[in-house]
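I have placed the structure first, in the form of structure tokens, so that the comments after it can refer back to it.
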Amino acid sequence: MFKNLSNINQQQLKVWVEQALAQTKLGNLPTYIPLLEEANPNSFAVVCQSIDNHITFLGDVETKVPLMSVIKPFLLFYLLSKFGSEFVFQKVGKECSQKPFNSLEQLEADRGWPRNPMINSGAIALSSLLPGNTATQRCENFCSWLNNHENCQLFLDKNMLASVSSLPNHNNQAIAKKLVESGYIKDAEITLDTYNQICCLSGSIFDVANLGMLLVKPPNTDWKKHCSIVQDLMTTCGLYEASSNYAIKIGIPTKSSVSGIVLGAVPSTGVIICYSPPLDRQGNSVAGLFLLEVISRNLELSVLC
Ligand code: GLN
């Protein structure tokens, strides 16, 4: 069936958004990054952008939000396009995990092999491959590449980075240490610094939608192959231990973040970006997932049926 995002009805979208907003009371703000804990739980934005750039939106679409884990599919895409899949998948697996996104237990059970690029261990391992001598250079190179390839103005939010660094993240530190022991990264400090910086790349919800087009509108056959790999991993791992549940309910390659973004990338069709800070127990935006599910069901966007 021909899937289409360009004829989404604004009135209908408004009704679905109201239903989604009623869900936010079921979620909580994260507590380990002070600035995210201070976010307004009622902030909300949604942008639906079709492959032919037809845009429907509602809410605070100009709010600047840190990408956090939404950077992970783009990190994978960038490295695939630079180094190819054989090299990249020597550093990270393609297997889903039934444990939380920052699980050290999973990494230890796998003897230091990071399961997939959508969880912290995998993204930390991949951060070490970014070209550049310092964390700042690595983040800047990556950010410029993204901004040059898509119509977006991502920037490093230094206040967010300071907030991330203001409380020690023992989990991520232990993950980086384990990755050094298992030989997947060399330098824990510079790698974690790089990872934290790229998680603090920020933009408006419009920017995130434009960025998302990278994953659904590849300009050549090489990139098309990379897009398929990234989309598959988003479907199987993008929502952590809730991924298989939502693969069935939503059926769209999806990535969430602790900042409350949910990015749905509908292959060859367009992107749906939702932003709402309260999170469920897995760290996924409650209202974001609700809205994505309603849109997918009503517009029959699932890639699995
Ligand atoms: N920077 C965050 C962390 O490492 C990203 C996690 C997320 O968005 N789920 O905890």
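Chain labels follow the order of the structure tokens: the first chain is A, the next B, and so on; residue numbering restarts at 1 in every chain, and ligands are counted from 1 in their shown order.
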
As an MDAnalysis selection string, please: the residues near segment 8-16 of chain A (cut-off 7 Å, only C-alpha atoms, same-chain neighbours under 4 positions excluded). chainID A and resid 20 56 291

Serialized selection, N, CA, C and O atoms, as a CSV table (one decimal), in the first residue's frame:
chain,number,residue,atom,x,y,z
A,20,ALA,N,-3.0,12.5,23.5
A,20,ALA,CA,-1.6,12.2,23.9
A,20,ALA,C,-1.2,12.9,25.2
A,20,ALA,O,-0.6,12.4,26.1
A,56,THR,N,3.2,19.3,8.5
A,56,THR,CA,2.1,19.6,9.4
A,56,THR,C,2.7,19.6,10.8
A,56,THR,O,3.4,18.7,11.2
A,291,LEU,N,1.2,9.1,20.6
A,291,LEU,CA,0.9,9.9,19.4
A,291,LEU,C,1.4,9.1,18.1
A,291,LEU,O,0.7,9.0,17.1

List all protein, DNA and RNA residues that have at least one atom no more than 10 Å from any atom of ligand 1, counting only C-alpha atoms and all ligand atoms, and write them as a ChimeraX atom specification. /A:30,32-33,66-72,100-102,118-121,123-124,161,164,169,171-173,192,195-200,238-240,255-261,282-284

Could those residues be written to a file, using C-alpha atoms, as a JSON list (two decimals), in the first residue's frame?
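Once written, part22.json looks like this:
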[["chain", "number", "residue", "atom", "x", "y", "z"],
["A", 30, "PRO", "CA", 14.53, 12.08, 34.39],
["A", 32, "TYR", "CA", 20.08, 12.31, 36.58],
["A", 33, "ILE", "CA", 20.47, 15.39, 34.35],
["A", 66, "PRO", "CA", 19.06, 18.28, 23.18],
["A", 67, "LEU", "CA", 19.00, 15.22, 20.95],
["A", 68, "MET", "CA", 20.44, 12.86, 23.62],
["A", 69, "SER", "CA", 19.86, 9.29, 22.35],
["A", 70, "VAL", "CA", 18.19, 10.50, 19.16],
["A", 71, "ILE", "CA", 21.75, 11.21, 17.96],
["A", 72, "LYS", "CA", 22.49, 7.45, 18.01],
["A", 100, "PRO", "CA", 17.79, -0.75, 30.18],
["A", 101, "PHE", "CA", 19.63, 1.57, 27.78],
["A", 102, "ASN", "CA", 22.49, 2.17, 30.23],
["A", 118, "MET", "CA", 21.01, 2.28, 20.07],
["A", 119, "ILE", "CA", 22.05, 1.63, 23.69],
["A", 120, "ASN", "CA", 24.73, 3.53, 25.59],
["A", 121, "SER", "CA", 27.47, 0.86, 25.36],
["A", 123, "ALA", "CA", 26.97, 4.45, 21.07],
["A", 124, "ILE", "CA", 29.92, 5.02, 23.42],
["A", 161, "LEU", "CA", 26.69, 19.63, 28.63],
["A", 164, "VAL", "CA", 25.24, 16.37, 32.16],
["A", 169, "ASN", "CA", 27.21, 9.17, 35.63],
["A", 171, "ASN", "CA", 26.89, 3.74, 34.76],
["A", 172, "ASN", "CA", 28.34, 5.35, 31.67],
["A", 173, "GLN", "CA", 31.76, 5.54, 33.34],
["A", 192, "LEU", "CA", 32.89, 9.62, 27.16],
["A", 195, "TYR", "CA", 29.64, 10.83, 23.67],
["A", 196, "ASN", "CA", 28.35, 13.44, 26.12],
["A", 197, "GLN", "CA", 29.00, 16.26, 23.64],
["A", 198, "ILE", "CA", 27.18, 14.57, 20.76],
["A", 199, "CYS", "CA", 24.24, 13.80, 23.09],
["A", 200, "CYS", "CA", 24.06, 17.56, 23.80],
["A", 238, "GLY", "CA", 15.46, 1.99, 19.13],
["A", 239, "LEU", "CA", 13.12, 1.87, 22.15],
["A", 240, "TYR", "CA", 15.42, -0.35, 24.22],
["A", 255, "LYS", "CA", 14.29, 6.29, 18.26],
["A", 256, "SER", "CA", 13.57, 7.89, 21.60],
["A", 257, "SER", "CA", 15.64, 10.03, 23.94],
["A", 258, "VAL", "CA", 15.76, 10.88, 27.63],
["A", 259, "SER", "CA", 15.01, 14.49, 26.64],
["A", 260, "GLY", "CA", 11.53, 13.37, 25.49],
["A", 261, "ILE", "CA", 11.94, 13.22, 21.71],
["A", 282, "GLN", "CA", 12.06, 2.45, 29.87],
["A", 283, "GLY", "CA", 12.93, 6.12, 29.30],
["A", 284, "ASN", "CA", 10.62, 6.69, 26.32]]

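The residue set within 9 Å of segment 215-219 of chain A, counting only C-alpha atoms and dropping same-chain residues fewer than 6 places from it, reads Ile51, Pro73, Phe74, Phe77, Lys225, His226, Cys227, Ser228, Val230, Gln231, Ala265, Val266, Pro267, Ser268, Thr269, Gly270 and Val271 of chain A.
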
Excluding Asp280 of chain A and residues on its chain fewer than 2 positions from it, collect all residues at most 9 Å away from it, counting only C-alpha atoms, and give them as an NGL selection string. :A and (26-29 or 278 or 282-286)

Write out as a short mmCIF file (atom, residue, chain, number, x, y, z; two decimals) with N, CA and C atoms, in the first residue's frame all residues of segment 20-180 of chain A that backbone DSSP assigns to helix (DSSP H, G or I).
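In the end it all went to selection36.cif:
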data_model
loop_
_atom_site.label_atom_id
_atom_site.label_comp_id
_atom_site.auth_asym_id
_atom_site.auth_seq_id
_atom_site.Cartn_x
_atom_site.Cartn_y
_atom_site.Cartn_z
N ALA A 20 -3.00 12.48 23.52
CA ALA A 20 -1.62 12.16 23.91
C ALA A 20 -1.24 12.95 25.16
N LEU A 21 -1.64 14.23 25.20
CA LEU A 21 -1.26 15.06 26.35
C LEU A 21 -1.88 14.56 27.65
N THR A 24 0.49 12.34 29.67
CA THR A 24 1.78 12.76 30.24
C THR A 24 1.84 12.54 31.75
N LYS A 25 0.67 12.55 32.42
CA LYS A 25 0.69 12.37 33.89
C LYS A 25 1.18 10.97 34.28
N LEU A 26 1.22 10.06 33.31
CA LEU A 26 1.70 8.70 33.60
C LEU A 26 3.23 8.63 33.58
N PRO A 34 20.17 17.44 35.72
CA PRO A 34 19.35 18.48 36.36
C PRO A 34 18.53 19.32 35.38
N LEU A 35 19.12 19.73 34.24
CA LEU A 35 18.35 20.59 33.33
C LEU A 35 17.17 19.86 32.69
N LEU A 36 17.28 18.55 32.52
CA LEU A 36 16.14 17.80 31.97
C LEU A 36 15.05 17.65 33.03
N GLU A 37 15.48 17.58 34.28
CA GLU A 37 14.50 17.48 35.37
C GLU A 37 13.70 18.78 35.51
N MET A 68 20.14 14.03 22.77
CA MET A 68 20.44 12.86 23.62
C MET A 68 20.47 11.60 22.73
N SER A 69 19.70 10.56 23.10
CA SER A 69 19.86 9.29 22.35
C SER A 69 19.34 9.34 20.92
N VAL A 70 18.63 10.40 20.55
CA VAL A 70 18.19 10.50 19.16
C VAL A 70 19.40 10.71 18.23
N ILE A 71 20.55 11.08 18.80
CA ILE A 71 21.75 11.21 17.96
C ILE A 71 22.26 9.83 17.52
N LYS A 72 21.87 8.77 18.25
CA LYS A 72 22.49 7.45 18.01
C LYS A 72 22.30 6.93 16.58
N PRO A 73 21.10 6.97 16.00
CA PRO A 73 20.99 6.48 14.61
C PRO A 73 21.83 7.30 13.63
N PHE A 74 22.00 8.59 13.93
CA PHE A 74 22.78 9.45 13.02
C PHE A 74 24.28 9.19 13.18
N LEU A 75 24.69 8.87 14.40
CA LEU A 75 26.08 8.48 14.63
C LEU A 75 26.38 7.22 13.80
N LEU A 76 25.48 6.25 13.88
CA LEU A 76 25.66 5.01 13.11
C LEU A 76 25.69 5.33 11.61
N PHE A 77 24.76 6.14 11.16
CA PHE A 77 24.67 6.46 9.73
C PHE A 77 25.95 7.14 9.24
N TYR A 78 26.43 8.09 10.02
CA TYR A 78 27.65 8.84 9.66
C TYR A 78 28.84 7.89 9.53
N LEU A 79 28.98 6.99 10.52
CA LEU A 79 30.13 6.08 10.51
C LEU A 79 30.00 5.05 9.38
N LEU A 80 28.78 4.62 9.10
CA LEU A 80 28.59 3.68 7.98
C LEU A 80 28.99 4.36 6.68
N SER A 81 28.61 5.62 6.53
CA SER A 81 28.92 6.31 5.27
C SER A 81 30.41 6.63 5.17
N LYS A 82 31.09 6.76 6.31
CA LYS A 82 32.54 7.05 6.28
C LYS A 82 33.38 5.78 6.15
N PHE A 83 33.01 4.73 6.89
CA PHE A 83 33.89 3.57 6.99
C PHE A 83 33.30 2.27 6.44
N SER A 85 30.05 -0.82 6.39
CA SER A 85 29.42 -1.63 7.45
C SER A 85 30.35 -2.69 8.01
N GLU A 86 31.26 -3.23 7.19
CA GLU A 86 32.13 -4.30 7.71
C GLU A 86 32.94 -3.79 8.90
N PHE A 87 33.53 -2.62 8.74
CA PHE A 87 34.36 -2.04 9.79
C PHE A 87 33.51 -1.68 11.02
N VAL A 88 32.39 -1.02 10.79
CA VAL A 88 31.57 -0.54 11.92
C VAL A 88 31.06 -1.71 12.76
N LEU A 104 24.95 -1.88 32.53
CA LEU A 104 26.31 -2.42 32.62
C LEU A 104 26.23 -3.94 32.68
N GLU A 105 25.14 -4.41 33.31
CA GLU A 105 24.95 -5.86 33.47
C GLU A 105 24.94 -6.56 32.10
N GLN A 106 24.24 -5.94 31.13
CA GLN A 106 24.18 -6.53 29.79
C GLN A 106 25.58 -6.61 29.18
N LEU A 107 26.32 -5.51 29.32
CA LEU A 107 27.66 -5.46 28.73
C LEU A 107 28.58 -6.49 29.39
N GLU A 108 28.42 -6.64 30.70
CA GLU A 108 29.26 -7.63 31.40
C GLU A 108 28.88 -9.05 31.00
N ALA A 109 27.57 -9.29 30.87
CA ALA A 109 27.12 -10.63 30.45
C ALA A 109 27.66 -10.96 29.06
N ASN A 120 23.55 2.72 25.26
CA ASN A 120 24.73 3.53 25.59
C ASN A 120 26.05 2.83 25.26
N SER A 121 26.18 1.53 25.60
CA SER A 121 27.47 0.86 25.36
C SER A 121 27.84 0.93 23.88
N GLY A 122 26.87 0.68 23.01
CA GLY A 122 27.15 0.69 21.56
C GLY A 122 27.48 2.08 21.07
N ALA A 123 26.73 3.07 21.54
CA ALA A 123 26.97 4.45 21.07
C ALA A 123 28.29 4.99 21.64
N ILE A 124 28.64 4.57 22.86
CA ILE A 124 29.92 5.02 23.42
C ILE A 124 31.05 4.39 22.60
N ALA A 125 30.92 3.10 22.28
CA ALA A 125 31.96 2.45 21.46
C ALA A 125 32.08 3.16 20.10
N LEU A 126 30.94 3.50 19.50
CA LEU A 126 30.99 4.15 18.17
C LEU A 126 31.53 5.57 18.25
N SER A 127 31.31 6.24 19.39
CA SER A 127 31.82 7.62 19.54
C SER A 127 33.34 7.66 19.38
N ALA A 135 37.77 15.56 21.81
CA ALA A 135 36.32 15.35 21.85
C ALA A 135 35.60 16.51 21.15
N THR A 136 36.08 17.73 21.39
CA THR A 136 35.44 18.90 20.80
C THR A 136 35.52 18.87 19.28
N GLN A 137 36.72 18.51 18.77
CA GLN A 137 36.88 18.42 17.31
C GLN A 137 35.97 17.35 16.72
N ARG A 138 35.90 16.21 17.41
CA ARG A 138 35.08 15.10 16.92
C ARG A 138 33.62 15.51 16.84
N CYS A 139 33.16 16.17 17.91
CA CYS A 139 31.76 16.59 17.94
C CYS A 139 31.51 17.65 16.87
N GLU A 140 32.46 18.59 16.72
CA GLU A 140 32.27 19.67 15.73
C GLU A 140 32.24 19.10 14.31
N ASN A 141 33.16 18.17 14.00
CA ASN A 141 33.18 17.57 12.65
C ASN A 141 31.85 16.88 12.35
N PHE A 142 31.39 16.14 13.31
CA PHE A 142 30.15 15.37 13.14
C PHE A 142 28.96 16.33 12.97
N CYS A 143 28.92 17.36 13.82
CA CYS A 143 27.83 18.33 13.78
C CYS A 143 27.82 19.06 12.43
N SER A 144 29.01 19.46 11.93
CA SER A 144 29.04 20.17 10.64
C SER A 144 28.59 19.25 9.53
N TRP A 145 29.00 17.99 9.60
CA TRP A 145 28.60 17.04 8.55
C TRP A 145 27.06 16.94 8.50
N LEU A 146 26.45 16.82 9.68
CA LEU A 146 24.98 16.71 9.73
C LEU A 146 24.34 17.99 9.18
N ASN A 147 24.85 19.14 9.63
CA ASN A 147 24.25 20.41 9.18
C ASN A 147 24.45 20.63 7.68
N ASN A 148 25.60 20.13 7.14
CA ASN A 148 25.85 20.30 5.71
C ASN A 148 25.00 19.38 4.86
N HIS A 149 24.61 18.24 5.43
CA HIS A 149 23.85 17.29 4.62
C HIS A 149 22.35 17.48 4.72
N LYS A 158 25.96 24.12 25.44
CA LYS A 158 27.00 24.03 26.48
C LYS A 158 26.41 23.98 27.88
N ASN A 159 25.25 24.62 28.08
CA ASN A 159 24.62 24.55 29.40
C ASN A 159 24.16 23.13 29.69
N MET A 160 23.63 22.48 28.67
CA MET A 160 23.18 21.09 28.84
C MET A 160 24.38 20.19 29.13
N LEU A 161 25.48 20.45 28.41
CA LEU A 161 26.69 19.63 28.63
C LEU A 161 27.19 19.82 30.07
N ALA A 162 27.16 21.07 30.55
CA ALA A 162 27.59 21.33 31.93
C ALA A 162 26.66 20.60 32.90
N SER A 163 25.38 20.57 32.59
CA SER A 163 24.42 19.89 33.46
C SER A 163 24.66 18.38 33.46
N VAL A 164 24.93 17.81 32.26
CA VAL A 164 25.24 16.37 32.16
C VAL A 164 26.46 16.04 33.02
N SER A 165 27.46 16.94 32.99
CA SER A 165 28.71 16.67 33.70
C SER A 165 28.63 17.02 35.19
N SER A 166 27.54 17.70 35.60
CA SER A 166 27.49 18.18 36.99
C SER A 166 27.25 17.04 37.99
N HIS A 170 27.80 7.21 36.94
CA HIS A 170 28.61 6.03 37.25
C HIS A 170 28.40 4.91 36.24
N ASN A 171 27.18 4.79 35.75
CA ASN A 171 26.89 3.74 34.76
C ASN A 171 27.69 3.90 33.49
N ASN A 172 27.61 5.12 32.93
CA ASN A 172 28.34 5.35 31.67
C ASN A 172 29.84 5.22 31.89
N GLN A 173 30.31 5.66 33.06
CA GLN A 173 31.76 5.54 33.34
C GLN A 173 32.17 4.07 33.40
N ALA A 174 31.33 3.26 34.07
CA ALA A 174 31.66 1.83 34.18
C ALA A 174 31.57 1.15 32.81
N ILE A 175 30.62 1.59 31.98
CA ILE A 175 30.50 1.03 30.62
C ILE A 175 31.78 1.35 29.83
N ALA A 176 32.22 2.61 29.92
CA ALA A 176 33.43 3.00 29.16
C ALA A 176 34.65 2.21 29.66
N LYS A 177 34.73 2.01 30.98
CA LYS A 177 35.86 1.25 31.55
C LYS A 177 35.85 -0.20 31.02
N LYS A 178 34.67 -0.78 31.01
CA LYS A 178 34.53 -2.16 30.53
C LYS A 178 34.90 -2.24 29.04
N LEU A 179 34.53 -1.22 28.27
CA LEU A 179 34.85 -1.22 26.83
C LEU A 179 36.36 -1.10 26.61
N VAL A 180 37.04 -0.40 27.52
CA VAL A 180 38.51 -0.32 27.43
C VAL A 180 39.09 -1.71 27.71
#

All residues 8 Å or closer to Ser182 of chain A, only C-alpha atoms, same chain fewer than 5 positions away omitted, as a PyMOL selection string: chain A and resi 111-113

For the selection just defined, write its residues with C-alpha atoms to a file, as a PDB file, in the first residue's frame.
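Done, and the output landed in part_9.pdb:
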ATOM      1  CA  ARG A 111      31.971  -9.913  28.083  1.00  0.00           C
ATOM      2  CA  GLY A 112      32.369  -6.326  26.994  1.00  0.00           C
ATOM      3  CA  TRP A 113      30.814  -6.655  23.513  1.00  0.00           C
TER       4      TRP A 113
END

Of the candidates A:Arg297, A:His54, A:Lys64, A:Lys94, which shows the shortest atom-to-atom distance to Asp157 of chain A, using only C-alpha atoms?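 Residue with the minimum atom-to-atom distance to Asp157 of chain A: A:Lys64.
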
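The closest residue to Cys96 of chain A, picked from A:Gly288, A:Pro253, A:Pro117, A:Gly84 and counting only C-alpha atoms, is A:Pro117.
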
Excluding segment 300-302 of chain A and its own-chain neighbours fewer than 4 positions away, which residues fall within 10 Å of it when counting only C-alpha atoms? Please give them as a ChimeraX atom specification. /A:1-5,247-253,266-267,269,292-296

Those selected residues, please, written with N, CA, C and O atoms and delivered as a compact mmCIF listing (two decimals), in the first residue's frame.
# COMPACT_ATOMS: atom_id res chain seq x y z
N MET A 1 0.84 -1.21 0.00
CA MET A 1 0.00 0.00 0.00
C MET A 1 0.88 1.26 0.00
O MET A 1 1.90 1.31 0.66
N PHE A 2 0.47 2.29 -0.73
CA PHE A 2 1.21 3.54 -0.81
C PHE A 2 1.01 4.33 0.48
O PHE A 2 -0.11 4.67 0.84
N LYS A 3 2.08 4.58 1.18
CA LYS A 3 1.96 5.29 2.46
C LYS A 3 2.15 6.78 2.22
O LYS A 3 3.00 7.18 1.44
N ASN A 4 1.37 7.57 2.91
CA ASN A 4 1.41 9.01 2.64
C ASN A 4 1.29 9.81 3.93
O ASN A 4 0.39 9.59 4.73
N LEU A 5 2.22 10.75 4.09
CA LEU A 5 2.19 11.61 5.28
C LEU A 5 1.75 13.02 4.93
O LEU A 5 1.56 13.84 5.81
N ALA A 247 7.39 -2.39 18.01
CA ALA A 247 7.52 -2.76 16.59
C ALA A 247 6.17 -3.29 16.13
O ALA A 247 5.71 -3.00 15.02
N ILE A 248 5.50 -4.03 17.00
CA ILE A 248 4.20 -4.58 16.63
C ILE A 248 3.13 -3.49 16.68
O ILE A 248 2.34 -3.34 15.76
N LYS A 249 3.14 -2.68 17.74
CA LYS A 249 2.09 -1.66 17.89
C LYS A 249 2.22 -0.51 16.89
O LYS A 249 1.23 0.02 16.41
N ILE A 250 3.48 -0.08 16.61
CA ILE A 250 3.70 1.10 15.77
C ILE A 250 4.22 0.69 14.39
O ILE A 250 3.77 1.20 13.37
N GLY A 251 5.20 -0.18 14.37
CA GLY A 251 5.71 -0.68 13.08
C GLY A 251 6.47 0.34 12.27
O GLY A 251 6.50 0.28 11.04
N ILE A 252 7.08 1.31 12.96
CA ILE A 252 7.86 2.35 12.27
C ILE A 252 9.25 2.37 12.92
O ILE A 252 9.33 2.34 14.15
N PRO A 253 10.33 2.42 12.15
CA PRO A 253 11.65 2.58 12.77
C PRO A 253 11.64 3.83 13.67
O PRO A 253 11.33 4.93 13.20
N VAL A 266 9.63 6.88 8.65
CA VAL A 266 8.86 5.96 7.82
C VAL A 266 9.55 5.86 6.46
O VAL A 266 9.58 6.84 5.71
N PRO A 267 10.14 4.69 6.15
CA PRO A 267 10.95 4.57 4.95
C PRO A 267 10.23 5.07 3.69
O PRO A 267 9.07 4.76 3.48
N THR A 269 8.81 7.64 3.00
CA THR A 269 7.52 8.33 3.23
C THR A 269 7.70 9.65 3.96
O THR A 269 7.12 10.67 3.57
N LEU A 292 2.60 8.62 18.23
CA LEU A 292 3.16 7.89 17.08
C LEU A 292 2.30 6.66 16.75
O LEU A 292 2.05 6.35 15.59
N GLU A 293 1.85 6.01 17.81
CA GLU A 293 1.02 4.81 17.60
C GLU A 293 -0.30 5.19 16.93
O GLU A 293 -0.73 4.53 15.97
N VAL A 294 -0.93 6.27 17.41
CA VAL A 294 -2.22 6.68 16.83
C VAL A 294 -2.04 7.07 15.36
O VAL A 294 -2.83 6.69 14.50
N ILE A 295 -0.98 7.85 15.09
CA ILE A 295 -0.77 8.29 13.70
C ILE A 295 -0.50 7.07 12.81
O ILE A 295 -1.06 6.93 11.73
N SER A 296 0.36 6.18 13.29
CA SER A 296 0.70 5.01 12.48
C SER A 296 -0.53 4.17 12.17
O SER A 296 -0.74 3.75 11.04

Measure the distance from atom CA of Lys91 of chain A to atom CA of Pro114 of chain A in Å and round it to one decimal.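 Separation between atom CA of Lys91 of chain A and atom CA of Pro114 of chain A: 7.7 Å.
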
What separation in Å, quoted to one decimal, exists between atom CA of Cys48 of chain A and atom CA of Val65 of chain A?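 We find that atom CA of Cys48 of chain A and atom CA of Val65 of chain A lie 17.1 Å from each other.
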